[in-house]
Protein chains: 2
Amino acid sequence: MNSLRIGLAGLGTVGGGLAAILQKNGDWVASRLGRPVSIQTALVRDLSKKRGLAPDSTIRLTTDPSDIVEDPDIDIVVELMGGIDAPKDLITRALNAGKHVVTANKALLAEQGQELFHLASEKGLGLYFEAGVAGGVPIVQTLKETLACNRISRLLGILNGTANFVLSQMTSQGVEFDEALAHAQRLGYAEADPTLDIDGGDAAHKLCLLIRLAYGVHFPYEKLHVQGVRAVTRQDIAIAREFGYRIKLIAQVNEVDGSLEAGVFPALVHHTYLLARVGGNYNAARIEGDCVGPVMLHGQGAGALPTASSVLADIMALARANQAPDNTGFADWRLPEARIMNHEDARAEHYFRFTVDDRTGVMAAIAQALADNNISIAQAVQRGKAMERCVPIVFLTHESSISDVDRAVRAIDAMDFIKEPTVAFRIL
Amino acid sequence: MNSLRIGLAGLGTVGGGLAAILQKNGDWVASRLGRPVSIQTALVRDLSKKRGLAPDSTIRLTTDPSDIVEDPDIDIVVELMGGIDAPKDLITRALNAGKHVVTANKALLAEQGQELFHLASEKGLGLYFEAGVAGGVPIVQTLKETLACNRISRLLGILNGTANFVLSQMTSQGVEFDEALAHAQRLGYAEADPTLDIDGGDAAHKLCLLIRLAYGVHFPYEKLHVQGVRAVTRQDIAIAREFGYRIKLIAQVNEVDGSLEAGVFPALVHHTYLLARVGGNYNAARIEGDCVGPVMLHGQGAGALPTASSVLADIMALARANQAPDNTGFADWRLPEARIMNHEDARAEHYFRFTVDDRTGVMAAIAQALADNNISIAQAVQRGKAMERCVPIVFLTHESSISDVDRAVRAIDAMDFIKEPTVAFRIL
C-alpha cells in the first residue's frame, strides 16, 4: 500500500525526534499500520542549518509553507513550529486544503483552539494534539476514549517538567530557586527565558486543554488562576518536609456543585501520594472518574523522543480512521509465535532465605555453594535468637541466571543443616 | 440519530455495572458520541433472579443466545458471561452474524484468542477487550495506539488485585497468608475458590494479552512461567522490609537479545519504586518504550464500575469507527463556556509561614486573626533560634475558603511584628 505522507512544519527538537523515530522504527510502524509513514517535506526557517538527519534521508526541505499545505501528495500536516500566528495560519491553510493536522502546540490550542476545532469539524478532518499535553503521557486519548463514559470530579497533575525539575533540585540538593533554575538551564531542561515554564503559563495551557477533554466545556485560558514556583523557598520546602509533605507545582480542576474551580499553584502534597513521588522532568496526572475511580498516568513530560512518540501516535490514529477496527494493534492478525527465551537463562537479582540449624560453619557452607554457582552476594543478614535452633539466613544477590539459582538451591537444600526448603524470590 | 443497541451476555457484576453506568451517565455518553447507547437484550441464566435494574429499565431478558446474536437490531454484542466454551460459541456466532464484539474475557482470549481474532479480521469486525486487562486501567488502548511506535523493552505490572490485596494485608497487618486470604474473602475481594487469582493464572492470562499488544507475537499461555503468592510468608515480608523492599506479585515480560522472557512471580520491589506503592485492590503497569521511556498507568483493577467503564470505552470506540476523526472528544465541537466558580469561594487546607519579630504575644495575635477569619488550625510549629530576631511561625490549617485566607493574610501582614510578606500554599 502507498506510504502515508507527512508534511512537517518545524524540524527542531520534536520534529527531529519524529524523523529519528521513523528512521529507527519505520518497519515497526508499518507492521502496525499496514503501510509505511514517511516525511515528504519539512518546512524550516534556514535551509543551510545543519541537522542530524540520516545520510539517506529523502526529506525535502523548504522555507515555503505552500510546499506543505498545497502539495496534493501530503496526507497529514504536522505542526511543530512553536509560536501562535504562523502555526495558526499554517493549520488553517492545511485544514482548508483537506489535510488532517497533528500539533503539539498547546499555547495555540488553549488560546485560540475553538476556531480551529470549528474549522476541522466543518471539514470533517482531524486536529489531534496528544503531544500537546504532558509529552509522552497518554492522557489526551485516555480522556477522549478510555474514560469517556465518566463524569470527572477532579483532575490534577504535574504538567510542567521544568518547574518540577527545579522543585526536585531544591528539595534534593537543598538549594534556592535561582541556583536550581540555573542548573536546569545548564542541563537544557529550562530555556534561557523560563517564564512560561516557571510562572505556570505552560501548565495552564495544558490544563485548559484537559478541561475541554474532561468536561466538554470551554474554559477561557485567561480565567485560570495561575501562580508559578518563584514564590517557593528552600525554607518552605524544608518545613513542609518536616510535616511529611513535598511542594509541587500543581495544575488542578475541581467540580464543585456544577461549577469548575481551576488553576495552577504550588501546593503541599503528602509524601504517601503517588504525585509526591513524581521527580525530575516527569509529568503525571490523576483523574478521578465517577465510574472508574482514580486513575494515574505517569511518564516523561517533554523531550524529543517522548513527545515525538505522541505525535506519531496521532498520525497513526488518523491513518487508521475509516478502516476496519484495529483489534490486535497490528495490520495482520496473524501474529507470529514469540521467540521465547529459555527460562533458565533469565537473569535477575535474588532474595534467598535459608532456614538452618544454628551451628558453626553454616554461613560459610552456604556462601561457598553460592560462589560455586556463580552467584555473587550483595547483602547478607543472619539474626540468630538465643534458645532457638532454627534461624533464617538471608542473602540478597547480584544478578545471576535462574539456572545457577536453581542449581545452588538444590545443592544447599541437600545439606544436613537445612531445616526447611529454601525460599528464593526475584528482586526487581 | 438512532440509538446504538447492545446485546449483553451476562448480567452479573460487570454487566450490572454497565447497565448502571448507562442509567446514570447515559446523557453524557450520548453527548460524546452523538447518539445514545442502550442495552436492548440481556442474556441471563435465570429469568426469575432479582437484579438491581432501574424500575424503568427497558432491557429485555432472555435465556436464548439467539435473541442476541441473531437480532438484526443489535449492533454490538458484549460478552461478560465468564467461562470458555459458552462465550467462545457466542462470540463466534456474533462475529459470523456481522456484529462487533466487546469482551472482558481474558482467559478465553489468552487461551484461544488467535482463532477469534482471525474470524474478526476476516469479517472486518471489532473484537475489543480493554476491560480484560487490569479493569479500569487504560492499558490496552495505550499499547495499541498511544505507544504504538515504540519497541517495548520491558513491561511489568501488578495485574491481580486479589493477590495484591492479600500481600498488602500481610504487610500492613503482619498476618500470615491464610488469614489475609480469609479476610479478602469476607470483604468479597477474593472468590470462594481463589486459585486463579492467588496462583497467578489470572495475571498470566492478562500478561499473555499484553505481550501480544506490545510485541505483536503470540506467546502461548502454557509457556509462561507462573508462580503465585502462596509461597510468600509473613517472615519474608518482614525481612524484605528491613532491606527496604515490598513483596509484590509481578507479571513481567522482558526482551533479551530478541527473545522474550515472561512470567508471573512474587518479587521484591524497592520501596522507592512507584510499583511498590500500589496498594490493596489496585493494579498498575510500567511500560518501557524505546521512544517514550517509562510510562506508568495506575487504577482500579477490578470491580463493577471500573471494569464496566472500560467495556463502555470499547463500545464507544466501535461506535466511532468509520466516522470523522474525533478531535474534541464530543460529538459537537461547539463546547459551551464553562461555569466557572468564583476563585475566592474555593476551599482548601493551607500552609502558612509567617516571618515575625520574636516577641511575646505574636503567636496569640496570629492565631486570633486566623480564628476571626474562620480558619481552624490543624498543626503549628514555631522554631525560634536564640539570637535571631526573625523567626518563622508555621500553621497547617483545616479547610477554609480562599477569601478567608486572603483576608486573614492581609490582616496579619498589616501587624507590626510581621517582617516579610506571609507565604500561603494550598495543601492537597
# chains A, B, ... in the order shown; residues from 1 in each chain; ligands from 1

$ closest_atom_pairs --of "chain B" --to "chain A" --cutoff "6 Å" --atoms "only C-alpha atoms" --output "CSV"
residue,atom,partner,partner_atom,distance
B:Val29,CA,A:Cys149,CA,5.4
B:Gly124,CA,A:Ala324,CA,5.4
B:Gly126,CA,A:Pro325,CA,5.0
B:Leu127,CA,A:Asn327,CA,5.7
B:Tyr128,CA,A:Asn327,CA,6.0
B:Gly136,CA,A:Val292,CA,5.5
B:Lys144,CA,A:Gly329,CA,4.6
B:Thr146,CA,A:Ala313,CA,4.9
B:Cys149,CA,A:Val29,CA,5.4
B:Gly216,CA,A:Leu335,CA,5.8
B:Val217,CA,A:Leu335,CA,4.9
B:His218,CA,A:Glu337,CA,4.6
B:Phe219,CA,A:Ala338,CA,5.2
B:Ser259,CA,A:Arg339,CA,4.9
B:Leu260,CA,A:Ile340,CA,4.9
B:Glu261,CA,A:Met341,CA,5.1
B:Ala267,CA,A:Arg426,CA,4.8
B:Leu268,CA,A:Ile427,CA,4.5
B:Val269,CA,A:Leu428,CA,5.4
B:Cys291,CA,A:Leu305,CA,5.0
B:Val292,CA,A:Pro306,CA,3.9
B:Pro294,CA,A:Gly299,CA,6.0
B:Val295,CA,A:Gly299,CA,4.4
B:Met296,CA,A:His298,CA,4.9
B:Leu297,CA,A:Leu297,CA,4.8
B:His298,CA,A:Met296,CA,4.9
B:Gly299,CA,A:Val295,CA,4.5
B:Leu305,CA,A:Cys291,CA,5.0
B:Pro306,CA,A:Val292,CA,3.8
B:Ser309,CA,A:Val292,CA,5.9
B:Ala313,CA,A:Thr146,CA,4.9
B:Asn322,CA,A:Asn322,CA,4.3
B:Ala324,CA,A:Gly124,CA,5.4
B:Pro325,CA,A:Gly126,CA,5.0
B:Asn327,CA,A:Leu127,CA,5.7
B:Gly329,CA,A:Lys144,CA,4.6
B:Leu335,CA,A:Val217,CA,4.9
B:Pro336,CA,A:Val217,CA,5.0
B:Glu337,CA,A:His218,CA,4.6
B:Ala338,CA,A:Val217,CA,5.0
B:Arg339,CA,A:Ser259,CA,4.9
B:Ile340,CA,A:Leu260,CA,4.9
B:Met341,CA,A:Glu261,CA,5.1
B:Phe425,CA,A:Ala267,CA,5.4
B:Arg426,CA,A:Ala267,CA,4.8
B:Ile427,CA,A:Leu268,CA,4.5
B:Leu428,CA,A:Val269,CA,5.4

$ write_last_selection --atoms "N, CA and C atoms" --output "short mmCIF file (atom, residue, chain, number, x, y, z; two decimals), in the first residue's frame"
data_model
loop_
_atom_site.label_atom_id
_atom_site.label_comp_id
_atom_site.auth_asym_id
_atom_site.auth_seq_id
_atom_site.Cartn_x
_atom_site.Cartn_y
_atom_site.Cartn_z
N VAL B 29 -22.74 10.06 27.83
CA VAL B 29 -22.24 9.19 26.77
C VAL B 29 -22.79 9.65 25.42
N GLY B 124 -13.88 -8.18 9.15
CA GLY B 124 -13.68 -6.74 9.28
C GLY B 124 -14.41 -6.16 10.48
N GLY B 126 -14.92 -5.58 14.90
CA GLY B 126 -14.17 -5.32 16.12
C GLY B 126 -14.30 -6.46 17.12
N LEU B 127 -13.19 -6.78 17.78
CA LEU B 127 -13.19 -7.70 18.92
C LEU B 127 -12.32 -7.00 19.96
N TYR B 128 -12.95 -6.21 20.83
CA TYR B 128 -12.23 -5.31 21.73
C TYR B 128 -12.24 -5.85 23.16
N GLY B 136 -10.06 -0.92 35.19
CA GLY B 136 -10.19 0.45 34.74
C GLY B 136 -8.89 1.09 34.26
N LYS B 144 -2.04 -0.25 22.14
CA LYS B 144 -2.43 -0.37 20.72
C LYS B 144 -2.23 0.94 19.99
N THR B 146 -1.46 4.76 21.69
CA THR B 146 -0.62 5.90 22.05
C THR B 146 0.86 5.54 22.04
N CYS B 149 4.26 3.38 18.29
CA CYS B 149 5.50 3.46 17.52
C CYS B 149 6.70 2.93 18.31
N GLY B 216 3.48 -7.88 19.34
CA GLY B 216 2.94 -8.41 18.09
C GLY B 216 3.28 -9.86 17.86
N VAL B 217 3.36 -10.62 18.94
CA VAL B 217 3.63 -12.05 18.81
C VAL B 217 2.64 -12.83 19.67
N HIS B 218 2.49 -14.08 19.31
CA HIS B 218 1.64 -14.98 20.06
C HIS B 218 2.52 -15.74 21.05
N PHE B 219 2.28 -15.53 22.33
CA PHE B 219 3.06 -16.21 23.37
C PHE B 219 2.10 -17.20 24.02
N SER B 259 14.72 -12.30 22.21
CA SER B 259 13.81 -13.31 22.75
C SER B 259 13.06 -12.74 23.94
N LEU B 260 11.89 -13.31 24.21
CA LEU B 260 11.08 -12.83 25.32
C LEU B 260 11.21 -13.76 26.51
N GLU B 261 11.34 -13.15 27.67
CA GLU B 261 11.36 -13.90 28.92
C GLU B 261 10.16 -13.37 29.70
N ALA B 267 7.97 -10.96 43.76
CA ALA B 267 9.29 -10.34 43.66
C ALA B 267 9.42 -9.24 44.70
N LEU B 268 10.66 -8.95 45.06
CA LEU B 268 10.94 -7.83 45.95
C LEU B 268 11.04 -6.57 45.11
N VAL B 269 10.31 -5.53 45.50
CA VAL B 269 10.30 -4.27 44.77
C VAL B 269 10.73 -3.18 45.75
N CYS B 291 11.13 4.92 22.64
CA CYS B 291 10.99 6.35 22.34
C CYS B 291 10.43 7.10 23.56
N VAL B 292 9.37 6.59 24.11
CA VAL B 292 8.64 7.33 25.15
C VAL B 292 9.31 7.21 26.52
N PRO B 294 9.90 5.29 30.18
CA PRO B 294 8.97 4.55 31.04
C PRO B 294 7.65 5.29 31.21
N VAL B 295 6.56 4.55 31.08
CA VAL B 295 5.22 5.10 31.31
C VAL B 295 4.57 4.23 32.37
N MET B 296 3.92 4.84 33.35
CA MET B 296 3.22 4.04 34.34
C MET B 296 1.74 4.39 34.37
N LEU B 297 0.91 3.36 34.43
CA LEU B 297 -0.54 3.52 34.50
C LEU B 297 -1.02 2.86 35.78
N HIS B 298 -1.95 3.48 36.46
CA HIS B 298 -2.37 3.00 37.78
C HIS B 298 -3.86 3.24 37.97
N GLY B 299 -4.58 2.24 38.46
CA GLY B 299 -6.01 2.43 38.69
C GLY B 299 -6.61 1.19 39.31
N LEU B 305 -18.01 -1.05 38.44
CA LEU B 305 -17.98 0.18 37.65
C LEU B 305 -16.66 0.42 36.93
N PRO B 306 -15.51 0.22 37.57
CA PRO B 306 -14.26 0.42 36.82
C PRO B 306 -14.17 -0.49 35.60
N SER B 309 -16.65 0.57 33.00
CA SER B 309 -16.19 1.81 32.35
C SER B 309 -15.32 1.47 31.14
N ALA B 313 -15.99 2.04 27.14
CA ALA B 313 -14.98 2.70 26.30
C ALA B 313 -14.85 1.97 24.97
N ASN B 322 -15.32 4.51 11.53
CA ASN B 322 -15.92 4.96 10.28
C ASN B 322 -16.72 6.24 10.40
N ALA B 324 -16.02 10.63 11.17
CA ALA B 324 -14.94 11.62 11.06
C ALA B 324 -14.11 11.57 12.33
N PRO B 325 -12.85 11.98 12.24
CA PRO B 325 -11.99 11.95 13.43
C PRO B 325 -12.62 12.72 14.58
N ASN B 327 -12.00 14.98 17.41
CA ASN B 327 -10.95 15.89 17.89
C ASN B 327 -11.14 16.33 19.32
N GLY B 329 -13.44 15.00 21.55
CA GLY B 329 -14.00 14.01 22.46
C GLY B 329 -15.50 14.16 22.63
N LEU B 335 -18.22 23.63 22.16
CA LEU B 335 -18.26 23.40 23.59
C LEU B 335 -18.85 24.62 24.28
N PRO B 336 -19.75 24.41 25.21
CA PRO B 336 -20.29 25.56 25.94
C PRO B 336 -19.22 26.16 26.84
N GLU B 337 -19.42 27.41 27.17
CA GLU B 337 -18.48 28.06 28.10
C GLU B 337 -18.60 27.41 29.48
N ALA B 338 -17.49 27.23 30.14
CA ALA B 338 -17.50 26.60 31.46
C ALA B 338 -18.26 27.46 32.46
N ARG B 339 -18.98 26.81 33.37
CA ARG B 339 -19.49 27.52 34.56
C ARG B 339 -18.33 27.60 35.52
N ILE B 340 -17.81 28.78 35.71
CA ILE B 340 -16.57 28.92 36.47
C ILE B 340 -16.89 29.39 37.89
N MET B 341 -16.32 28.68 38.82
CA MET B 341 -16.54 29.01 40.22
C MET B 341 -15.78 30.29 40.57
N PHE B 425 0.43 28.48 50.90
CA PHE B 425 0.26 27.49 49.84
C PHE B 425 -0.89 26.57 50.20
N ARG B 426 -1.56 26.07 49.17
CA ARG B 426 -2.57 25.04 49.43
C ARG B 426 -1.92 23.72 49.81
N ILE B 427 -2.68 22.89 50.51
CA ILE B 427 -2.29 21.50 50.77
C ILE B 427 -3.29 20.64 50.01
N LEU B 428 -2.78 19.66 49.25
CA LEU B 428 -3.69 18.79 48.50
C LEU B 428 -4.27 17.73 49.41
#

$ residues_around --residues "His398 in chain A" --least-positions-apart "4" --cutoff "8 Å" --atoms "only C-alpha atoms" --output "ChimeraX atom specification"
/A:348-350,375-378

$ select_by_dssp --residues "range 197-409 of chain A" --states "helix (DSSP H, G or I)" --output "PyMOL selection string"
chain A and resi 197-198+201-215+221-223+234-242+274-277+304-320+343-345+362-372+402-409

$ closest_residue --among "B:Leu155, B:Leu109, B:Leu11, B:Cys390" --to "Lys50 in chain B" --atoms "only C-alpha atoms"
B:Leu11

$ residues_around --residues "Met415 in chain A" --least-positions-apart "4" --cutoff "10 Å" --atoms "only C-alpha atoms" --output "list of chain:residue names"
A:Val356, A:Val362, A:Ala365, A:Ile366, A:Arg410, A:Ala411, A:Lys419

$ write_last_selection --atoms "N, CA and C atoms" --output "CSV table (one decimal), in the first residue's frame"
chain,number,residue,atom,x,y,z
A,356,VAL,N,18.1,-22.6,58.8
A,356,VAL,CA,19.2,-23.5,59.1
A,356,VAL,C,19.2,-23.9,60.6
A,362,VAL,N,27.9,-22.9,59.0
A,362,VAL,CA,26.7,-22.9,58.1
A,362,VAL,C,26.8,-21.8,57.1
A,365,ALA,N,29.3,-22.5,54.5
A,365,ALA,CA,28.9,-23.5,53.5
A,365,ALA,C,28.0,-23.0,52.5
A,366,ILE,N,27.0,-22.2,53.0
A,366,ILE,CA,26.0,-21.6,52.0
A,366,ILE,C,26.7,-20.6,51.1
A,410,ARG,N,19.3,-26.3,45.0
A,410,ARG,CA,19.3,-27.8,45.1
A,410,ARG,C,20.5,-28.3,45.9
A,411,ALA,N,21.6,-27.7,45.6
A,411,ALA,CA,22.8,-28.2,46.4
A,411,ALA,C,22.7,-27.8,47.8
A,419,LYS,N,16.8,-26.8,57.4
A,419,LYS,CA,15.6,-27.4,58.1
A,419,LYS,C,14.3,-27.2,57.3

$ select_by_dssp --residues "range 354-423 of chain B" --states "strand (DSSP E or B)" --output "NGL selection string"
:B and (354-357 or 377-382 or 390-397 or 400-401 or 418-423)

$ write_last_selection --atoms "N, CA and C atoms" --output "mmCIF file, in the first residue's frame"
data_model
loop_
_atom_site.group_PDB
_atom_site.id
_atom_site.type_symbol
_atom_site.label_atom_id
_atom_site.label_comp_id
_atom_site.auth_asym_id
_atom_site.auth_seq_id
_atom_site.Cartn_x
_atom_site.Cartn_y
_atom_site.Cartn_z
ATOM 1 N N PHE B 354 4.586 32.543 58.536
ATOM 2 C CA PHE B 354 4.678 33.944 58.952
ATOM 3 C C PHE B 354 6.109 34.213 59.418
ATOM 4 N N THR B 355 6.708 35.282 58.958
ATOM 5 C CA THR B 355 8.044 35.649 59.422
ATOM 6 C C THR B 355 7.895 36.822 60.383
ATOM 7 N N VAL B 356 8.215 36.553 61.649
ATOM 8 C CA VAL B 356 7.853 37.520 62.690
ATOM 9 C C VAL B 356 9.057 37.921 63.535
ATOM 10 N N ASP B 357 8.911 39.032 64.153
ATOM 11 C CA ASP B 357 9.802 39.512 65.190
ATOM 12 C C ASP B 357 9.469 38.685 66.438
ATOM 13 N N ILE B 377 -7.002 25.802 62.915
ATOM 14 C CA ILE B 377 -5.605 25.358 62.849
ATOM 15 C C ILE B 377 -5.503 23.852 63.107
ATOM 16 N N ALA B 378 -4.765 23.153 62.238
ATOM 17 C CA ALA B 378 -4.571 21.711 62.404
ATOM 18 C C ALA B 378 -3.236 21.407 63.077
ATOM 19 N N GLN B 379 -2.170 22.072 62.646
ATOM 20 C CA GLN B 379 -0.853 21.865 63.244
ATOM 21 C C GLN B 379 -0.132 23.213 63.267
ATOM 22 N N ALA B 380 0.747 23.389 64.217
ATOM 23 C CA ALA B 380 1.515 24.626 64.290
ATOM 24 C C ALA B 380 2.917 24.316 64.768
ATOM 25 N N VAL B 381 3.883 25.107 64.307
ATOM 26 C CA VAL B 381 5.231 24.953 64.823
ATOM 27 C C VAL B 381 5.914 26.320 64.831
ATOM 28 N N GLN B 382 6.564 26.610 65.934
ATOM 29 C CA GLN B 382 7.395 27.810 65.995
ATOM 30 C C GLN B 382 8.768 27.356 66.435
ATOM 31 N N CYS B 390 14.316 37.325 63.586
ATOM 32 C CA CYS B 390 13.240 36.892 62.690
ATOM 33 C C CYS B 390 13.043 35.391 62.778
ATOM 34 N N VAL B 391 11.872 34.944 63.163
ATOM 35 C CA VAL B 391 11.640 33.504 63.219
ATOM 36 C C VAL B 391 10.399 33.164 62.410
ATOM 37 N N PRO B 392 10.374 31.951 61.854
ATOM 38 C CA PRO B 392 9.174 31.523 61.140
ATOM 39 C C PRO B 392 8.167 30.876 62.088
ATOM 40 N N ILE B 393 6.911 31.233 61.912
ATOM 41 C CA ILE B 393 5.825 30.510 62.582
ATOM 42 C C ILE B 393 5.014 29.857 61.472
ATOM 43 N N VAL B 394 4.808 28.546 61.577
ATOM 44 C CA VAL B 394 4.111 27.816 60.515
ATOM 45 C C VAL B 394 2.813 27.228 61.048
ATOM 46 N N PHE B 395 1.735 27.441 60.293
ATOM 47 C CA PHE B 395 0.456 26.810 60.605
ATOM 48 C C PHE B 395 0.011 25.955 59.435
ATOM 49 N N LEU B 396 -0.495 24.761 59.724
ATOM 50 C CA LEU B 396 -1.233 23.977 58.739
ATOM 51 C C LEU B 396 -2.689 24.020 59.182
ATOM 52 N N THR B 397 -3.581 24.367 58.258
ATOM 53 C CA THR B 397 -4.964 24.609 58.650
ATOM 54 C C THR B 397 -5.902 23.518 58.156
ATOM 55 N N SER B 400 -10.436 25.844 54.466
ATOM 56 C CA SER B 400 -11.108 27.140 54.571
ATOM 57 C C SER B 400 -11.152 27.763 53.181
ATOM 58 N N SER B 401 -11.954 28.810 53.031
ATOM 59 C CA SER B 401 -12.118 29.385 51.698
ATOM 60 C C SER B 401 -10.947 30.306 51.376
ATOM 61 N N ILE B 418 5.241 41.629 61.809
ATOM 62 C CA ILE B 418 5.479 40.852 60.586
ATOM 63 C C ILE B 418 6.655 41.460 59.812
ATOM 64 N N LYS B 419 7.667 40.614 59.520
ATOM 65 C CA LYS B 419 8.906 41.119 58.913
ATOM 66 C C LYS B 419 8.985 40.870 57.410
ATOM 67 N N GLU B 420 8.242 39.886 56.915
ATOM 68 C CA GLU B 420 8.238 39.595 55.461
ATOM 69 C C GLU B 420 6.821 39.229 55.074
ATOM 70 N N PRO B 421 6.442 39.431 53.807
ATOM 71 C CA PRO B 421 5.097 39.028 53.386
ATOM 72 C C PRO B 421 4.865 37.551 53.694
ATOM 73 N N THR B 422 3.691 37.238 54.148
ATOM 74 C CA THR B 422 3.348 35.866 54.527
ATOM 75 C C THR B 422 3.244 34.954 53.309
ATOM 76 N N VAL B 423 3.739 33.730 53.491
ATOM 77 C CA VAL B 423 3.667 32.718 52.435
ATOM 78 C C VAL B 423 2.463 31.824 52.716
#

$ residues_around --residues "Ala107 in chain A" --least-positions-apart "6" --cutoff "12 Å" --atoms "only C-alpha atoms" --output "PyMOL selection string"
chain A and resi 80-85+87-88+113+129+132-133+196-197+201-209+221-222

$ write_last_selection --atoms "C-alpha atoms" --output "compact mmCIF listing (two decimals), in the first residue's frame"
# COMPACT_ATOMS: atom_id res chain seq x y z
CA LEU A 80 5.79 21.64 15.43
CA MET A 81 6.85 25.24 14.75
CA GLY A 82 6.04 26.92 18.05
CA GLY A 83 4.54 30.37 18.33
CA ILE A 84 0.94 31.37 17.69
CA ASP A 85 0.33 33.30 14.48
CA PRO A 87 1.22 27.94 13.11
CA LYS A 88 -2.37 29.15 13.23
CA GLY A 113 -8.43 26.41 19.74
CA PHE A 129 -2.82 17.03 19.92
CA GLY A 132 0.45 18.95 23.43
CA VAL A 133 -0.16 17.77 26.99
CA LEU A 196 6.30 30.15 30.57
CA ASP A 197 7.51 27.09 32.49
CA GLY A 201 1.68 29.57 31.90
CA ASP A 202 2.66 26.34 30.17
CA ALA A 203 0.92 24.17 32.76
CA ALA A 204 -2.12 26.45 32.44
CA HIS A 205 -2.23 25.96 28.65
CA LYS A 206 -2.22 22.21 29.18
CA LEU A 207 -4.84 22.39 31.92
CA CYS A 208 -7.07 24.35 29.57
CA LEU A 209 -6.92 21.51 27.01
CA TYR A 221 -7.28 30.48 29.40
CA GLU A 222 -7.21 33.96 30.90
